[in-house]
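Dropping query10.txt in here (compact mmCIF, C-alpha atoms):
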# COMPACT_ATOMS: atom_id res chain seq x y z
CA MET A 1 -3.96 -13.32 -3.77
CA SER A 2 -1.73 -11.93 -1.05
CA LEU A 3 -2.72 -12.78 2.50
CA HIS A 4 -2.75 -10.32 5.37
CA ILE A 5 -2.19 -12.00 8.74
CA ILE A 6 -3.67 -9.92 11.58
CA ILE A 7 -2.56 -11.05 15.03
CA ASP A 8 -4.01 -10.33 18.45
CA GLY A 9 -0.57 -9.70 19.97
CA TYR A 10 -1.11 -10.06 23.69
CA ASN A 11 -3.50 -12.97 23.14
CA LEU A 12 -0.79 -14.86 21.24
CA ILE A 13 1.89 -13.97 23.78
CA ARG A 14 -0.24 -15.08 26.74
CA GLN A 15 -1.29 -18.33 25.04
CA SER A 16 2.37 -19.27 24.52
CA GLU A 17 4.43 -20.84 27.31
CA VAL A 18 7.71 -19.37 26.05
CA LEU A 19 6.47 -15.88 25.21
CA SER A 20 4.35 -15.55 28.34
CA GLY A 21 7.39 -16.37 30.47
CA LEU A 22 9.33 -13.58 28.78
CA GLU A 23 6.41 -11.19 29.14
CA ARG A 24 6.21 -11.83 32.89
CA GLN A 25 9.84 -10.73 33.19
CA ASN A 26 9.45 -7.70 30.92
CA ILE A 27 6.50 -6.85 28.67
CA GLN A 28 8.80 -5.42 25.99
CA ALA A 29 10.84 -8.64 25.96
CA GLY A 30 7.67 -10.60 25.18
CA ARG A 31 6.78 -8.25 22.33
CA ASP A 32 10.35 -8.33 20.97
CA ALA A 33 10.44 -12.14 21.01
CA LEU A 34 7.11 -12.27 19.17
CA VAL A 35 8.30 -9.78 16.53
CA ASP A 36 11.54 -11.77 16.06
CA MET A 37 9.60 -15.00 15.53
CA LEU A 38 7.22 -13.28 13.11
CA ALA A 39 10.13 -11.76 11.18
CA ALA A 40 11.64 -15.23 10.76
CA TYR A 41 8.24 -16.52 9.64
CA ARG A 42 7.98 -13.66 7.14
CA ARG A 43 11.37 -14.56 5.66
CA VAL A 44 10.05 -18.07 4.97
CA LYS A 45 6.50 -17.06 3.93
CA ARG A 46 6.14 -13.63 2.34
CA HIS A 47 2.76 -12.67 3.82
CA LYS A 48 1.88 -9.20 5.09
CA ILE A 49 1.78 -9.38 8.90
CA THR A 50 0.21 -6.92 11.35
CA VAL A 51 0.35 -7.33 15.13
CA VAL A 52 -2.21 -5.41 17.19
CA PHE A 53 -1.49 -4.60 20.85
CA ASP A 54 -3.66 -2.93 23.48
CA GLY A 55 -2.85 0.55 24.69
CA SER A 56 -1.84 3.83 23.23
CA ASP A 57 -0.01 4.63 26.45
CA ALA A 58 2.03 1.42 26.38
CA ILE A 59 5.70 1.89 27.06
CA CYS A 60 7.38 0.77 23.88
CA ASP A 61 10.86 0.70 22.36
CA TYR A 62 9.55 0.55 18.79
CA PRO A 63 10.12 3.47 16.42
CA SER A 64 7.30 5.82 15.52
CA GLN A 65 6.74 4.36 12.05
CA ASN A 66 5.46 1.15 13.75
CA SER A 67 7.13 -1.26 11.37
CA VAL A 68 9.91 -3.46 12.72
CA LYS A 69 11.69 -6.09 10.61
CA GLY A 70 8.87 -5.98 8.06
CA ILE A 71 6.17 -6.55 10.68
CA SER A 72 3.53 -3.80 11.07
CA ILE A 73 2.84 -3.01 14.71
CA VAL A 74 -0.37 -1.27 15.73
CA PHE A 75 -1.25 -0.06 19.22
CA SER A 76 -4.89 0.73 19.97
CA LYS A 77 -5.72 4.36 20.61
CA PHE A 78 -6.64 5.81 23.98
CA GLY A 79 -9.99 4.43 25.16
CA GLU A 80 -9.99 1.65 22.55
CA ILE A 81 -9.06 -2.01 22.90
CA ALA A 82 -7.14 -4.14 20.43
CA ASP A 83 -10.23 -6.30 19.79
CA THR A 84 -12.01 -3.31 18.25
CA VAL A 85 -9.02 -2.52 16.02
CA ILE A 86 -8.80 -6.15 14.86
CA LYS A 87 -12.52 -6.28 14.07
CA ARG A 88 -12.25 -3.03 12.10
CA MET A 89 -9.28 -4.38 10.14
CA ALA A 90 -11.17 -7.64 9.50
CA SER A 91 -14.17 -5.73 8.13
CA LYS A 92 -11.85 -3.84 5.79
CA GLU A 93 -9.71 -6.77 4.58
CA ARG A 94 -12.50 -9.39 4.45
CA GLU A 95 -11.45 -12.59 2.61
CA LYS A 96 -7.87 -11.38 2.17
CA ALA A 97 -7.21 -11.63 5.94
CA ILE A 98 -6.39 -14.40 8.36
CA ILE A 99 -7.15 -13.44 11.95
CA VAL A 100 -5.00 -15.07 14.64
CA SER A 101 -6.64 -15.05 18.06
CA SER A 102 -8.14 -17.37 20.65
CA ASP A 103 -10.80 -14.79 21.57
CA GLN A 104 -14.16 -16.25 20.48
CA ASP A 105 -15.75 -12.82 19.96
CA ILE A 106 -13.00 -11.81 17.53
CA ILE A 107 -13.19 -15.18 15.76
CA GLN A 108 -16.96 -15.05 15.29
CA ARG A 109 -16.99 -11.44 14.10
CA SER A 110 -14.08 -12.04 11.72
CA GLU A 111 -15.70 -15.11 10.24
CA SER A 112 -18.88 -13.11 9.66
CA PHE A 113 -16.79 -10.75 7.49
CA GLY A 114 -15.42 -13.70 5.50
CA CYS A 115 -11.97 -13.80 7.10
CA ALA A 116 -10.22 -17.06 7.82
CA THR A 117 -9.36 -17.57 11.48
CA LEU A 118 -6.64 -19.48 13.26
CA ASN A 119 -6.17 -20.29 16.93
CA SER A 120 -3.18 -18.59 18.59
CA VAL A 121 -1.62 -21.87 19.75
CA VAL A 122 -1.81 -23.40 16.25
CA PHE A 123 -0.26 -20.30 14.69
CA GLU A 124 2.47 -20.22 17.35
CA ASN A 125 3.48 -23.74 16.30
CA LYS A 126 3.71 -22.60 12.68
CA ILE A 127 5.85 -19.54 13.47
CA PHE A 128 8.04 -21.56 15.83
CA MET A 129 8.75 -24.10 13.07
CA ALA A 130 9.52 -21.26 10.64
CA TYR A 131 11.78 -19.66 13.26
CA GLN A 132 13.71 -22.89 13.66
CA LEU A 133 13.88 -23.43 9.89
CA ASP A 134 15.10 -19.87 9.36
CA SER A 135 17.83 -20.26 11.99
CA PHE A 136 18.80 -23.63 10.50
CA ARG A 137 19.02 -22.11 7.01
CA SER A 138 21.13 -19.22 8.20
CA ASP A 139 23.45 -21.59 10.08
CA GLU A 140 23.88 -24.10 7.27
CA ASN A 141 23.15 -21.97 4.16
CA ILE A 142 21.25 -24.81 2.53
CA SER A 143 17.74 -24.91 1.17
CA ILE A 144 15.33 -27.58 2.21
CA GLY A 145 12.86 -28.47 -0.52
CA TRP A 146 9.40 -29.89 -0.34
CA VAL A 147 8.35 -32.50 -2.87
CA PRO A 148 4.73 -31.91 -3.94
CA THR A 149 2.38 -34.84 -4.38
CA THR A 150 -1.06 -35.24 -5.93
CA ARG A 151 -1.95 -38.22 -3.78
CA LYS A 152 -5.32 -37.76 -2.08
CA LYS A 153 -5.50 -38.10 1.68
CA GLY A 154 -8.31 -38.83 4.08
CA PRO A 155 -11.98 -39.60 3.63
CA SER A 156 -13.92 -38.34 0.63
CA ARG A 157 -16.47 -36.39 2.71
CA ARG A 158 -16.58 -32.79 1.57
CA LEU A 159 -16.44 -30.03 4.18
CA PRO A 160 -18.82 -27.05 4.11
CA LYS A 161 -17.71 -24.25 1.79
CA ARG A 162 -16.70 -21.86 4.61
CA GLU A 163 -14.50 -24.51 6.22
CA ARG A 164 -12.92 -25.41 2.87
CA GLN A 165 -12.10 -21.75 2.22
CA ASN A 166 -10.71 -21.40 5.76
CA ARG A 167 -8.49 -24.45 5.22
CA ILE A 168 -7.24 -23.15 1.88
CA LYS A 169 -6.26 -19.81 3.40
CA THR A 170 -4.69 -21.24 6.54
CA GLY A 171 -2.94 -23.89 4.44
CA LYS A 172 -0.92 -21.10 2.85
CA LEU A 173 0.63 -20.38 6.23
Could you write out this structure as structure tokens?
Amino acid sequence: MSLHIIIDGYNLIRQSEVLSGLERQNIQAGRDALVDMLAAYRRVKRHKITVVFDGSDAICDYPSQNSVKGISIVFSKFGEIADTVIKRMASKEREKAIIVSSDQDIIQRSESFGCATLNSVVFENKIFMAYQLDSFRSDENISIGWVPTTRKKGPSRRLPKRERQNRIKTGKL
């Protein structure tokens, strides 16, 4: 099953120390840096990624087709906020989606639709590692492999079904 990662764009940018610093200088620079990191992540993990930003009247350098480097970019329409767009997408995608946001309202609503959720800071760490791995691969032209293991880890206590499903989906990131 293919995953669709739906990201609350400004929430992720403002939760990040690096991206928020760029955004304070220039809002477009913050968005560009986020899209670059997501594109590197997408090269490592082939998931469908959509970033949702507030504002139909936002000044933007992105082309009209709203897809840059394989990342879908959505701006909310006039009179609508990004939270509403994300919730609507979550209701449509259901268990195929992972919602990335630190907004508790978005998280609770998305989970009620069956979506997996991930905190913005946790996801930023994942995309930052992928960004570094992608730049390392392009510099060295070598592949780094992972050796799978069947060794069990941790206590034998079983998590509730919803949490197990959430871990399975977020584990694919």
Find the spatial neighbours of Arg162 in chain A, counting only C-alpha atoms, within a cut-off of 12 Å - ignore same-chain residues fewer than 6 positions away - and output them as a list in words.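 What passes the distance filter is Glu95, Glu111, Ser112, Phe113, Gly114, Cys115, Ala116, Thr117, Ile168 and Lys169 of chain A.
With only C-alpha atoms as the atoms that count, the residue of A:Asn125, A:Thr84, A:Ser20, A:Gln132 with the shortest distance to Arg109 in chain A is A:Thr84.
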Excluding His4 in chain A and its own-chain neighbours fewer than 4 positions away, which residues fall within 7 Å of it when counting only C-alpha atoms? Please give them as JSON, numbers by chain. {"A": [47, 48, 49, 96, 97, 98]}
Env of Asn11 in chain A: 12 Å cut, atoms = all atoms listed in the file, seq-sep filter 3 positions within chain, self excluded. Answer as a ChimeraX atom specification. /A:6-8,14-17,19-20,23,30-31,34,51-54,82-83,86,99-104,106,119-121,123-124
CA of Arg88 in chain A and CA of Asn166 in chain A are how many Å apart? 19.5 Å
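Here CA of Lys92 in chain A is placed at a distance of 20.9 Å from CA of Arg167 in chain A.
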Given the choices A:Leu3, A:Gly55, A:Phe128, A:Thr50, which gets closest to Ile81 in chain A if the distance is worked out from only C-alpha atoms?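 Of the candidates, the smallest distance to Ile81 in chain A is held by A:Gly55.
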Nearest residue to Arg43 in chain A from the set A:Asn66, A:Arg24, A:Leu133, A:Met89 (distances using all atoms listed in the file):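 The answer is A:Leu133, which sits nearest to Arg43 in chain A.
We find CA of Lys87 in chain A and CA of Ser110 in chain A to be spaced 6.4 Å apart.
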Can you work out which one of A:Glu93, A:Lys45, A:Gln165, A:Gly171 has the shortest atom-to-atom distance to Ala130 in chain A, counting all atoms listed in the file? A:Lys45
Extending 3 Å beyond the listed atoms of range 113-116 of chain A on each side, what axis-aligned box results? I want centre and edge lengths in Å to one decimal, as AutoDock Vina command-line options.
--center_x -13.5 --center_y -13.9 --center_z 6.7 --size_x 12.6 --size_y 12.3 --size_z 8.3
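Between Tyr131 in chain A and the candidates A:Ala40, A:Leu22, A:Val68, A:Ile27, the tightest atom-to-atom separation, counting all atoms listed in the file, involves A:Ala40.
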Minimum-distance residue to Tyr41 in chain A, chosen among A:Lys172, A:Ala29, A:Lys126, A:Glu163 (using all atoms listed in the file):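 With all atoms listed in the file as the atom set, the closest residue is A:Lys126.
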